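What follows is the content of start.txt, which has compact mmCIF, C-alpha atoms and all ligand atoms:
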# COMPACT_ATOMS: atom_id res chain seq x y z
CA MET O 1 182.26 -21.23 -84.95
CA THR O 2 180.80 -24.12 -86.93
CA ARG O 3 177.70 -23.81 -89.11
CA THR O 4 175.79 -26.03 -86.64
CA ALA O 5 176.55 -23.66 -83.76
CA TRP O 6 175.39 -20.64 -85.81
CA ARG O 7 172.23 -22.50 -86.76
CA GLY O 8 171.61 -23.30 -83.07
CA ILE O 9 172.06 -19.66 -82.04
CA LEU O 10 169.70 -18.56 -84.82
CA ILE O 11 167.02 -21.05 -83.73
CA LEU O 12 167.33 -19.87 -80.10
CA LEU O 13 166.94 -16.24 -81.20
CA VAL O 14 163.84 -17.06 -83.26
CA VAL O 15 162.31 -19.06 -80.36
CA GLY O 16 163.07 -16.14 -78.00
CA ALA O 17 161.46 -13.60 -80.37
CA VAL O 18 158.33 -15.73 -80.80
CA SER O 19 157.85 -16.66 -77.10
CA SER O 20 158.70 -13.29 -75.48
CA PRO O 21 155.31 -11.63 -76.10
CA ALA O 22 153.54 -14.69 -74.61
CA ALA O 23 155.87 -14.66 -71.58
CA ILE O 24 155.20 -10.93 -71.04
CA ALA O 25 151.42 -11.54 -71.28
CA PHE O 26 151.61 -14.36 -68.70
CA ILE O 27 153.84 -12.41 -66.31
CA ARG O 28 151.46 -9.42 -66.52
CA GLN O 29 148.76 -11.67 -65.04
CA TRP O 30 150.73 -11.94 -61.76
CA GLN O 31 149.99 -8.28 -60.93
CA PRO O 32 147.40 -8.37 -58.11
CA ASP O 33 143.99 -6.72 -58.50
CA THR O 34 143.21 -3.57 -56.55
CA ILE O 35 140.84 -4.05 -53.64
CA VAL O 36 140.03 -0.92 -51.60
CA LYS O 37 139.64 -1.35 -47.83
CA GLY O 38 136.08 -0.17 -47.12
CA PRO O 39 134.76 1.61 -44.00
CA GLY O 40 133.81 -1.65 -42.26
CA VAL O 41 137.14 -3.46 -42.57
CA THR O 42 138.69 -3.90 -39.11
CA ARG O 43 141.69 -6.08 -40.11
CA VAL O 44 143.45 -7.43 -43.19
CA GLY O 45 145.56 -10.56 -42.87
CA LYS O 46 146.94 -13.60 -44.65
CA LEU O 47 145.39 -17.06 -44.64
CA SER O 48 148.80 -18.50 -43.64
CA GLU O 49 148.13 -17.13 -40.11
CA TYR O 50 146.03 -20.29 -39.73
CA PHE O 51 148.47 -22.73 -41.35
CA GLU O 52 152.20 -22.10 -41.85
CA GLY O 53 152.32 -24.59 -44.73
CA ILE O 54 151.21 -21.97 -47.28
CA LYS O 55 153.35 -19.11 -45.93
CA GLY O 56 155.66 -17.65 -48.57
CA THR O 57 153.99 -19.66 -51.36
CA ALA O 58 152.10 -18.27 -54.36
CA ASN O 59 148.86 -19.41 -52.74
CA ASP O 60 148.61 -17.36 -49.54
CA PRO O 61 145.56 -15.12 -50.11
CA ASP O 62 144.49 -12.05 -48.13
CA TYR O 63 141.46 -12.08 -45.87
CA TYR O 64 139.45 -9.07 -44.71
CA LEU O 65 137.76 -9.07 -41.30
CA LEU O 66 134.67 -6.94 -40.64
CA GLU O 67 133.95 -7.15 -36.91
CA GLY O 68 130.92 -5.73 -35.15
CA LYS O 69 130.91 -4.08 -31.71
CA GLU O 70 128.20 -6.45 -30.50
CA PRO O 71 129.32 -10.07 -30.05
CA GLY O 72 127.62 -12.68 -32.23
CA GLY O 73 128.41 -15.42 -34.70
CA THR O 74 130.96 -15.75 -37.49
CA ILE O 75 130.53 -16.13 -41.24
CA ILE O 76 133.44 -16.83 -43.59
CA VAL O 77 132.87 -16.04 -47.29
CA TRP O 78 135.35 -16.87 -50.06
CA GLY O 79 135.34 -16.07 -53.77
CA GLY O 80 137.82 -17.01 -56.47
CA THR O 81 137.67 -20.77 -55.97
CA HIS O 82 137.41 -20.68 -59.76
CA PRO O 83 138.69 -17.37 -61.20
CA VAL O 84 136.79 -18.06 -64.44
CA GLU O 85 133.60 -17.15 -62.54
CA PRO O 86 133.84 -13.36 -62.11
CA ALA O 87 130.70 -12.64 -60.04
CA GLY O 88 132.17 -15.11 -57.53
CA TYR O 89 134.97 -12.66 -56.72
CA LEU O 90 133.25 -9.34 -57.54
CA ALA O 91 130.60 -9.92 -54.85
CA PRO O 92 133.22 -10.23 -52.05
CA ILE O 93 134.94 -7.08 -53.35
CA VAL O 94 131.62 -5.14 -53.31
CA LEU O 95 131.08 -6.31 -49.70
CA ILE O 96 134.63 -5.39 -48.60
CA GLU O 97 134.36 -1.91 -50.14
CA ASN O 98 130.86 -1.07 -48.80
CA VAL O 99 129.45 -2.91 -45.81
CA ARG O 100 129.77 -2.59 -42.05
CA VAL O 101 129.13 -5.35 -39.54
CA THR O 102 127.43 -4.26 -36.32
CA LYS O 103 127.03 -7.70 -34.69
CA GLY O 104 129.28 -10.73 -35.03
CA ARG O 105 132.11 -11.16 -37.50
CA LEU O 106 132.36 -11.48 -41.28
CA PHE O 107 135.61 -12.81 -42.75
CA ILE O 108 135.97 -12.34 -46.51
CA ILE O 109 138.63 -13.98 -48.70
CA PRO O 110 137.92 -12.35 -52.10
CA GLN O 111 140.43 -14.36 -54.18
CA VAL O 112 141.06 -17.61 -52.35
CA ASN O 113 142.96 -19.58 -55.02
CA ILE O 114 145.08 -16.53 -55.74
CA SER O 115 147.59 -18.54 -57.81
CA SER O 116 144.91 -19.42 -60.38
CA PHE O 117 144.28 -15.70 -61.10
CA GLY O 118 147.58 -15.85 -63.01
CA ASN O 119 146.63 -19.03 -64.87
CA THR O 120 144.54 -17.36 -67.59
CA LYS O 121 144.06 -19.46 -70.73
CA ILE O 122 145.02 -16.66 -73.10
CA GLY O 123 146.09 -19.26 -75.68
CA MET O 124 142.57 -20.73 -75.60
CA GLY O 125 141.07 -17.34 -76.47
CA ASP O 126 140.02 -16.29 -72.96
CA VAL O 127 140.25 -12.60 -72.08
CA ASP O 128 142.97 -11.79 -69.55
CA HIS O 129 140.94 -9.10 -67.78
CA PHE O 130 137.66 -7.18 -67.86
CA THR O 131 136.63 -3.69 -66.76
CA ILE O 132 133.65 -2.36 -64.82
CA ALA O 133 132.59 1.24 -65.53
CA THR O 134 132.46 3.45 -62.42
CA PRO O 135 131.62 7.13 -61.81
CA PHE O 136 135.39 7.92 -61.65
CA GLY O 137 136.44 5.92 -64.71
CA SER O 138 136.74 2.15 -64.61
CA ARG O 139 138.12 -0.67 -62.49
CA LYS O 140 140.05 -3.51 -64.04
CA PHE O 141 139.97 -7.11 -62.77
CA ARG O 142 141.85 -10.19 -63.85
CA PHE O 143 140.12 -13.17 -65.41
CA GLY O 144 142.04 -16.26 -64.32
CA GLY O 145 142.00 -20.02 -64.87
CA ARG O 146 140.01 -22.81 -63.25
CA GLY O 147 142.91 -24.31 -61.33
CA THR O 148 146.12 -23.42 -59.50
CA ASN O 149 148.82 -22.16 -61.88
CA PRO O 150 150.98 -25.15 -63.00
CA ILE O 151 154.11 -23.05 -62.42
CA HIS O 152 153.21 -23.24 -58.71
CA GLN O 153 152.07 -26.88 -58.64
CA TRP O 154 153.63 -29.26 -61.14
CA PRO O 155 153.50 -31.90 -62.50
CA ASP O 156 149.92 -33.19 -62.32
CA PRO O 157 149.58 -36.87 -61.41
CA ASP O 158 147.96 -39.15 -64.03
CA VAL O 159 145.13 -39.76 -61.58
CA TYR O 160 144.35 -37.53 -58.59
CA THR O 161 143.18 -39.35 -55.48
CA ASN O 162 141.89 -37.07 -52.72
CA PRO O 163 143.94 -38.14 -49.65
CA THR O 164 140.97 -37.93 -47.27
CA THR O 165 138.00 -39.09 -49.32
CA ARG O 166 140.03 -41.52 -51.54
CA GLN O 167 137.89 -40.44 -54.51
CA SER O 168 139.87 -40.54 -57.79
CA LEU O 169 139.63 -37.95 -60.55
CA ALA O 170 141.63 -36.79 -63.59
CA GLY O 171 145.13 -35.63 -62.64
CA GLU O 172 144.54 -31.91 -63.31
CA GLU O 173 141.81 -31.89 -60.63
CA SER O 174 144.66 -31.87 -58.08
CA ARG O 175 144.77 -28.12 -58.89
CA ASN O 176 140.97 -27.60 -58.64
CA PHE O 177 140.27 -25.93 -55.29
CA ASN O 178 136.75 -27.36 -55.20
CA ARG O 179 137.88 -31.00 -55.52
CA VAL O 180 140.70 -31.14 -52.97
CA HIS O 181 138.70 -30.43 -49.79
CA PRO O 182 139.20 -30.98 -46.87
CA GLY O 183 142.82 -30.63 -47.94
CA HIS O 184 145.97 -32.05 -46.40
CA PRO O 185 148.77 -30.37 -44.39
CA ARG O 186 151.51 -32.14 -46.39
CA GLY O 187 149.74 -32.45 -49.76
CA TYR O 188 149.83 -30.53 -53.01
CA LEU O 189 149.81 -26.72 -52.74
CA THR O 190 146.06 -26.65 -53.54
CA GLU O 191 145.41 -29.24 -50.80
CA ARG O 192 147.46 -27.18 -48.33
CA LEU O 193 145.40 -24.09 -49.27
CA SER O 194 142.23 -26.06 -48.53
CA TYR O 195 143.70 -27.24 -45.21
CA ALA O 196 144.49 -23.60 -44.32
CA LEU O 197 140.87 -22.61 -45.00
CA MET O 198 139.62 -25.52 -42.85
CA GLN O 199 141.94 -24.40 -40.03
CA MET O 200 140.57 -20.85 -40.31
CA ILE O 201 136.98 -22.15 -40.15
CA ARG O 202 137.84 -24.29 -37.09
CA THR O 203 139.96 -21.69 -35.27
CA GLU O 204 137.45 -18.88 -35.75
CA LYS O 205 134.55 -21.22 -34.81
CA ALA O 206 132.69 -20.16 -37.96
CA ASP O 207 128.96 -20.80 -37.95
CA VAL O 208 128.63 -20.63 -41.75
CA GLY O 209 131.07 -21.02 -44.67
CA ILE O 210 130.01 -19.63 -48.06
CA ASP O 211 131.78 -20.56 -51.33
CA LEU O 212 130.88 -18.36 -54.36
CA HIS O 213 130.68 -19.66 -57.94
CA GLU O 214 129.08 -19.18 -61.34
CA ALA O 215 127.84 -21.99 -63.59
CA PRO O 216 127.07 -22.28 -67.29
CA PRO O 217 123.35 -22.84 -68.06
CA ASP O 218 124.06 -26.27 -69.55
CA ARG O 219 125.18 -27.55 -66.13
CA PRO O 220 122.63 -28.89 -63.62
CA LEU O 221 123.41 -26.52 -60.73
CA VAL O 222 122.57 -22.92 -61.74
CA ASN O 223 120.99 -20.09 -59.71
CA ALA O 224 121.15 -22.42 -56.75
CA PHE O 225 122.55 -23.06 -53.28
CA ALA O 226 124.24 -26.45 -52.85
CA ILE O 227 124.21 -27.10 -49.13
CA HIS O 228 125.37 -29.52 -46.48
CA GLU O 229 122.41 -31.06 -44.63
CA ARG O 230 123.26 -29.12 -41.45
CA ALA O 231 122.76 -25.85 -43.38
CA ALA O 232 119.19 -26.73 -44.44
CA ASP O 233 117.35 -24.44 -41.98
CA VAL O 234 119.53 -21.37 -42.51
CA ALA O 235 119.59 -21.78 -46.31
CA SER O 236 115.83 -22.44 -46.58
CA LEU O 237 114.98 -19.33 -44.56
CA ALA O 238 117.40 -17.23 -46.64
CA ILE O 239 115.87 -18.57 -49.87
CA LEU O 240 112.34 -17.69 -48.66
CA ASN O 241 113.45 -14.13 -47.92
CA LEU O 242 115.22 -13.89 -51.30
CA GLU O 243 112.06 -15.12 -53.04
CA ALA O 244 110.10 -12.34 -51.30
CA GLN O 245 112.43 -9.91 -53.10
CA GLY O 246 111.85 -11.62 -56.46
CA ILE O 247 115.17 -13.51 -56.42
CA LYS O 248 114.60 -17.19 -57.17
CA VAL O 249 117.16 -19.66 -55.80
CA ARG O 250 117.00 -23.46 -56.06
CA LEU O 251 117.98 -25.48 -52.99
CA GLU O 252 120.13 -28.51 -53.73
CA MET O 253 121.27 -30.94 -51.04
CA SER O 254 124.92 -31.97 -51.23
CA PRO O 255 125.09 -35.63 -52.36
CA LYS O 256 126.83 -37.77 -49.72
CA TYR O 257 129.09 -39.56 -52.23
CA LEU O 258 130.21 -36.58 -54.32
CA ARG O 259 133.43 -35.84 -52.51
CA GLY O 260 136.08 -33.15 -52.32
CA LEU O 261 133.59 -30.28 -52.72
CA SER O 262 133.18 -27.49 -50.18
CA HIS O 263 129.48 -28.10 -49.45
CA ARG O 264 130.26 -31.72 -48.47
CA GLU O 265 133.71 -31.65 -46.84
CA ILE O 266 133.40 -28.40 -44.84
CA GLY O 267 130.13 -29.68 -43.42
CA ASP O 268 131.66 -33.09 -42.61
CA HIS O 269 135.07 -31.94 -41.33
CA THR O 270 134.33 -28.68 -39.49
CA GLN O 271 131.56 -27.32 -37.25
CA ALA O 272 130.44 -24.80 -39.92
CA MET O 273 127.28 -25.01 -42.00
CA ALA O 274 128.45 -25.13 -45.62
CA ILE O 275 126.72 -23.33 -48.50
CA LEU O 276 127.94 -23.08 -52.12
CA MET O 277 126.22 -20.44 -54.27
CA GLU O 278 125.95 -20.51 -58.09
CA THR O 279 124.77 -17.84 -60.55
CA GLN O 280 124.34 -18.17 -64.32
CA SER O 281 127.30 -17.43 -66.59
CA PRO O 282 127.94 -19.18 -69.92
CA TYR O 283 131.46 -17.87 -70.48
CA HIS O 284 133.46 -20.78 -69.07
CA GLY O 285 131.11 -23.54 -70.22
CA PRO O 286 131.49 -25.98 -73.11
CA LEU O 287 128.48 -24.55 -75.02
CA ARG O 288 129.06 -20.92 -75.81
CA GLY O 289 129.61 -18.36 -78.52
CA ARG O 290 132.53 -15.99 -78.80
CA ALA O 291 134.47 -15.70 -75.52
CA ASP O 292 135.00 -11.95 -75.53
CA GLU O 293 134.66 -9.36 -72.77
CA ALA O 294 131.09 -8.52 -73.83
CA ASN O 295 130.03 -12.16 -73.41
CA LEU O 296 131.68 -12.25 -69.97
CA LEU O 297 129.92 -9.06 -68.82
CA THR O 298 126.46 -9.55 -70.38
CA ALA O 299 126.12 -13.31 -71.01
CA LYS O 300 124.33 -12.33 -74.22
CA ASP O 301 125.10 -15.40 -76.28
CA PRO O 302 123.01 -16.33 -79.36
CA PHE O 303 124.53 -19.82 -79.37
CA LEU O 304 123.25 -20.49 -75.85
CA VAL O 305 119.84 -19.01 -76.67
CA LEU O 306 119.64 -21.60 -79.47
CA ALA O 307 120.81 -24.37 -77.09
CA SER O 308 118.22 -23.21 -74.56
CA ASP O 309 115.43 -23.21 -77.19
CA MET O 310 116.46 -26.77 -78.09
CA GLY O 311 116.08 -27.82 -74.44
CA ARG O 312 119.81 -28.37 -73.89
CA THR O 313 120.15 -26.14 -70.82
CA SER O 314 118.98 -26.66 -67.24
CA VAL O 315 117.76 -23.06 -66.97
CA LYS O 316 116.33 -20.80 -69.65
CA HIS O 317 118.92 -18.62 -71.36
CA THR O 318 117.30 -15.69 -73.16
CA LYS O 319 118.65 -13.09 -75.57
CA GLU O 320 118.65 -10.56 -72.71
CA GLY O 321 121.57 -12.49 -71.17
CA VAL O 322 122.43 -12.21 -67.45
CA SER O 323 124.53 -9.15 -66.69
CA ILE O 324 127.52 -9.22 -64.38
CA HIS O 325 125.63 -6.65 -62.27
CA LEU O 326 122.69 -9.00 -61.73
CA ARG O 327 124.96 -11.98 -61.04
CA THR O 328 127.02 -10.02 -58.49
CA ALA O 329 123.85 -8.57 -56.94
CA ARG O 330 122.46 -12.08 -56.45
CA HIS O 331 125.56 -13.16 -54.53
CA VAL O 332 125.75 -9.99 -52.41
CA THR O 333 122.06 -10.17 -51.47
CA SER O 334 122.21 -13.94 -50.86
CA ILE O 335 125.09 -13.50 -48.39
CA VAL O 336 123.18 -10.77 -46.52
CA GLU O 337 120.08 -13.00 -46.36
CA VAL O 338 122.09 -15.96 -45.02
CA ALA O 339 123.41 -13.64 -42.28
CA ASN O 340 119.84 -12.46 -41.56
CA ALA O 341 118.59 -16.07 -41.42
CA LEU O 342 121.40 -17.03 -39.01
CA THR O 343 120.46 -14.08 -36.78
CA GLU O 344 116.79 -15.02 -36.86
CA LEU O 345 117.37 -18.71 -36.07
CA THR O 346 120.17 -18.31 -33.49
CA PRO O 347 120.16 -14.69 -32.25
CA GLU O 348 123.19 -15.20 -29.95
CA ARG O 349 125.21 -16.39 -32.99
CA GLY O 350 123.80 -13.78 -35.37
CA VAL O 351 125.72 -11.60 -37.83
CA THR O 352 124.33 -8.19 -38.87
CA ILE O 353 125.58 -6.75 -42.15
CA GLU O 354 124.66 -3.12 -42.86
CA GLY O 355 125.17 -0.90 -45.88
CA ALA O 356 125.04 -3.57 -48.59
CA PRO O 357 124.09 -2.02 -51.94
CA PRO O 358 120.38 -2.63 -52.68
CA TYR O 359 119.73 -5.44 -55.17
CA ASP O 360 117.66 -3.33 -57.61
CA ALA O 361 120.19 -0.49 -57.57
CA MET O 362 123.01 -2.90 -58.47
CA VAL O 363 120.95 -4.54 -61.24
CA LYS O 364 119.66 -1.30 -62.78
CA GLY O 365 122.50 1.13 -62.10
CA GLY O 366 125.41 -1.33 -62.17
CA ILE O 367 127.89 -2.41 -59.51
CA GLY O 368 130.38 0.27 -60.66
CA ALA O 369 128.63 2.78 -58.40
CA TYR O 370 129.66 0.57 -55.45
CA LEU O 371 133.33 0.16 -56.35
CA GLN O 372 135.53 2.66 -54.53
CA GLN O 373 138.09 4.89 -56.20
CA PRO O 374 141.58 3.47 -55.66
CA PRO O 375 144.19 5.80 -54.17
CA ALA O 376 145.96 8.13 -56.58
CA GLY O 377 148.90 6.53 -58.32
CA ASP O 378 147.39 3.04 -58.44
CA GLN O 379 148.36 1.78 -61.88
CA ARG O 380 146.16 -1.28 -61.86
CA THR O 381 142.83 0.38 -62.73
ZN ZN R 401 132.98 -22.88 -59.87

Would you mind writing the file's structure down as structure tokens?
Amino acid sequence: MTRTAWRGILILLVVGAVSSPAAIAFIRQWQPDTIVKGPGVTRVGKLSEYFEGIKGTANDPDYYLLEGKEPGGTIIVWGGTHPVEPAGYLAPIVLIENVRVTKGRLFIIPQVNISSFGNTKIGMGDVDHFTIATPFGSRKFRFGGRGTNPIHQWPDPDVYTNPTTRQSLAGEESRNFNRVHPGHPRGYLTERLSYALMQMIRTEKADVGIDLHEAPPDRPLVNAFAIHERAADVASLAILNLEAQGIKVRLEMSPKYLRGLSHREIGDHTQAMAILMETQSPYHGPLRGRADEANLLTAKDPFLVLASDMGRTSVKHTKEGVSIHLRTARHVTSIVEVANALTELTPERGVTIEGAPPYDAMVKGGIGAYLQQPPAGDQRT
């Protein structure tokens, strides 16, 4: 063999040795999180039941149905639009593992853009997972990326134009599940996922669709509901009842010309009333301190406290932070109050959710007390 060939083999071996640990770390992120089927779950299925175009792809998430004995309305809740916003997918998991529905139907998709849970930016210093302490030990959850994994949708266009709204954005937004709505049956994988969700909302004649997020305090929409105009009555009544419990929520109307987002397109393209909920989490924002697990779980961030004192944040960020327990509790209680408001305003289309963990208990005692113990042998905890 020539010297050049030996040199080539040596370079390949060095590249292999350097890249293998990174490859192993990325592949580990494909392992799904454990979600325990709670006492109220009446069916578990795949979103592709509503649209074949995502069947067999990396973006066919599970849904959980909780159906009451008494007929009523239908609410569809999804978390994990952005898997960098952990309370957005912990709240659906707390609901799945605890609540019962006695009237109407509650569909929950805990990790809707399931592909993006494997798109963690480990190279940018993000944690790949976090743990929640429970009475039986701890539960581990993945921390993902903001968009669909590029190994499942590639390459990005230079400019992404939403096929329905014709609004143009940066190319990588073609993988952002909250910019591609209302989706397209023959579009990018993320657009097909959106189309599948729209088909579910239409087929199940959902009264309300709820999209769960978290936002950094330097963004304008924090601790708020962004709503389609048709959701104004239900959301306002829910917010009044949340306020009575000491939970302050700002009501923000969806701007008519900000397109591709769930609160606009689901309201415009389906019969459902669309509500997007935001809590306060600095971890994935541009202004933040060290992005470690403690920051993710507590939001204690001296850098943001300084930014807040300088008037650079839309909401106050104090040294007490905003714990993951409080953020998850806000989402859980907000969903229950939207269901209560729907029942109060349209009793024949009401949804009654029972057994949700009390807000104060989640805030003070932690959500770990409301996470179920996975079956023996589950290696993912
Ligand atoms: Zn988000």

request  = Within 12 Å of Pro216 in chain O, counting only C-alpha atoms, which residues show up once you throw out same-chain ones fewer than 3 positions away? Write them as a ChimeraX atom specification, please.
outcome  = /O:84-85,213,219-223,278-288,296,299,301,304,307-308,312-317,321-322

request  = Within 10 Å of ligand ZN 401 (chain R), which residues show up when you count only C-alpha atoms and all ligand atoms? List them as a count of residues only, please.
outcome  = 24

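Compared by their closest atoms to Leu306 in chain O, and using all atoms listed in the file, the residues O:Asp218, O:Leu326, O:Val101, O:Pro61 rank with O:Asp218 nearest.
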
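Candidate residues O:Thr148, O:Gln271, O:Thr120, O:Thr34 were compared for distance to Glu204 in chain O, and the nearest is O:Gln271, using all atoms listed in the file.
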
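Remark: for Ile227 in chain O, the closest of the candidate residues O:Gly267, O:Pro185, O:Gly123, O:Gly246 is O:Gly267 (distances computed over all atoms listed in the file).
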
ask   = So how many Å separate CA of Gly171 in chain O and CA of Asn119 in chain O, to one decimal?
value =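 Going from CA of Gly171 in chain O over to CA of Asn119 in chain O covers 16.8 Å.
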
Please identify every residue of range 259-372 of chain O that has at least one atom no farther than 8 Å from an atom of range 93-98 of chain O, counting all atoms listed in the file, and for each give the shortest atom pair and the distance in Å to one decimal, arranged by chain then increasing number, as JSON lines.
{"residue": "O:Val332", "atom": "CA", "partner": "O:Leu95", "partner_atom": "CA", "distance": 7.0}
{"residue": "O:Gly355", "atom": "CA", "partner": "O:Asn98", "partner_atom": "CA", "distance": 6.4}
{"residue": "O:Ala356", "atom": "CA", "partner": "O:Asn98", "partner_atom": "CA", "distance": 6.3}
{"residue": "O:Pro357", "atom": "CA", "partner": "O:Asn98", "partner_atom": "CA", "distance": 7.5}
{"residue": "O:Ile367", "atom": "CA", "partner": "O:Val94", "partner_atom": "CA", "distance": 7.7}
{"residue": "O:Tyr370", "atom": "CA", "partner": "O:Val94", "partner_atom": "CA", "distance": 6.4}
{"residue": "O:Leu371", "atom": "CA", "partner": "O:Val94", "partner_atom": "CA", "distance": 6.3}
{"residue": "O:Gln372", "atom": "CA", "partner": "O:Glu97", "partner_atom": "CA", "distance": 6.4}

How about saving the chosen residues, C-alpha atoms kept, as an mmCIF file, keeping the file's coordinate frame?
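The resulting file, again_7.cif, is shown below:
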data_model
loop_
_atom_site.group_PDB
_atom_site.id
_atom_site.type_symbol
_atom_site.label_atom_id
_atom_site.label_comp_id
_atom_site.auth_asym_id
_atom_site.auth_seq_id
_atom_site.Cartn_x
_atom_site.Cartn_y
_atom_site.Cartn_z
ATOM 1 C CA VAL O 332 125.750 -9.990 -52.410
ATOM 2 C CA GLY O 355 125.170 -0.900 -45.880
ATOM 3 C CA ALA O 356 125.040 -3.570 -48.590
ATOM 4 C CA PRO O 357 124.090 -2.020 -51.940
ATOM 5 C CA ILE O 367 127.890 -2.410 -59.510
ATOM 6 C CA TYR O 370 129.660 0.570 -55.450
ATOM 7 C CA LEU O 371 133.330 0.160 -56.350
ATOM 8 C CA GLN O 372 135.530 2.660 -54.530
#

Which residues are close to Pro157 in chain O, i.e. within 9 Å by all atoms listed in the file, leaving aside same-chain residues fewer than 6 positions away? Reply as an mmCIF file with C-alpha atoms, in the coordinates of the input.
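Full text of result00.cif as output:
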data_model
loop_
_atom_site.group_PDB
_atom_site.id
_atom_site.type_symbol
_atom_site.label_atom_id
_atom_site.label_comp_id
_atom_site.auth_asym_id
_atom_site.auth_seq_id
_atom_site.Cartn_x
_atom_site.Cartn_y
_atom_site.Cartn_z
ATOM 1 C CA ALA O 170 141.630 -36.790 -63.590
ATOM 2 C CA GLY O 171 145.130 -35.630 -62.640
ATOM 3 C CA GLU O 172 144.540 -31.910 -63.310
ATOM 4 C CA SER O 174 144.660 -31.870 -58.080
#

ask   = So, counting only C-alpha atoms, which residue among O:Ile353, O:Ile11, O:Ala206, O:Leu106 is closest to Thr333 in chain O?
value =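 Smallest distance to Thr333 in chain O is found for O:Ile353.
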
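Of the listed residues O:Thr2, O:Ser115, O:Ser334, O:Gln167, the one whose atoms come nearest to Phe225 in chain O is O:Ser334, with distances taken using only C-alpha atoms.
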
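If all atoms listed in the file are the atoms counted, then among O:Val15, O:Ile108, O:Ile151, O:Leu261 the closest residue to Ser194 in chain O is O:Leu261.
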
ask   = What is the CA of Phe107 in chain O to CA of Tyr63 in chain O distance in Å?
value =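 CA of Phe107 in chain O sits 6.7 Å away from CA of Tyr63 in chain O.
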
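The interatomic distance for the pair CA of Ala294 in chain O and CA of Arg28 in chain O works out to 21.7 Å.
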
ask   = Excluding same-chain residues fewer than 3 positions from His325 in chain O, what lies within 10 Å of it counting only C-alpha atoms, as JSON, numbers by chain?
value = {"O": [87, 90, 91, 132, 297, 298, 322, 328, 329, 330, 359, 360, 361, 362, 363, 364, 365, 366, 367, 368]}

message = Can you pull out the residues contacting Met253 in chain O? Cut-off 12 Å, using all atoms listed in the file, and skip same-chain residues under 4 positions away; I want them as an NGL selection string.
response = :O and (221 or 224-233 or 235-236 or 257-258 or 263-264 or 267 or 274-276)

ask   = Which residues come within 6 Å of Glu265 in chain O, counting only C-alpha atoms, excluding same-chain residues fewer than 4 positions away, as a PyMOL selection string?
value = chain O and resi 181-182+269

message = Residues proximal to (146.6, -20.6, -41.7) were defined as those with any atom within 9 Å of that point in the file's coordinates, counting all atoms listed in the file. Which are they, as a list of chain:residue names?
response = O:Lys46, O:Leu47, O:Ser48, O:Glu49, O:Tyr50, O:Phe51, O:Glu52, O:Gly53, O:Ile54, O:Lys55, O:Asp60, O:Leu193, O:Tyr195, O:Ala196, O:Leu197, O:Met198, O:Gln199, O:Met200
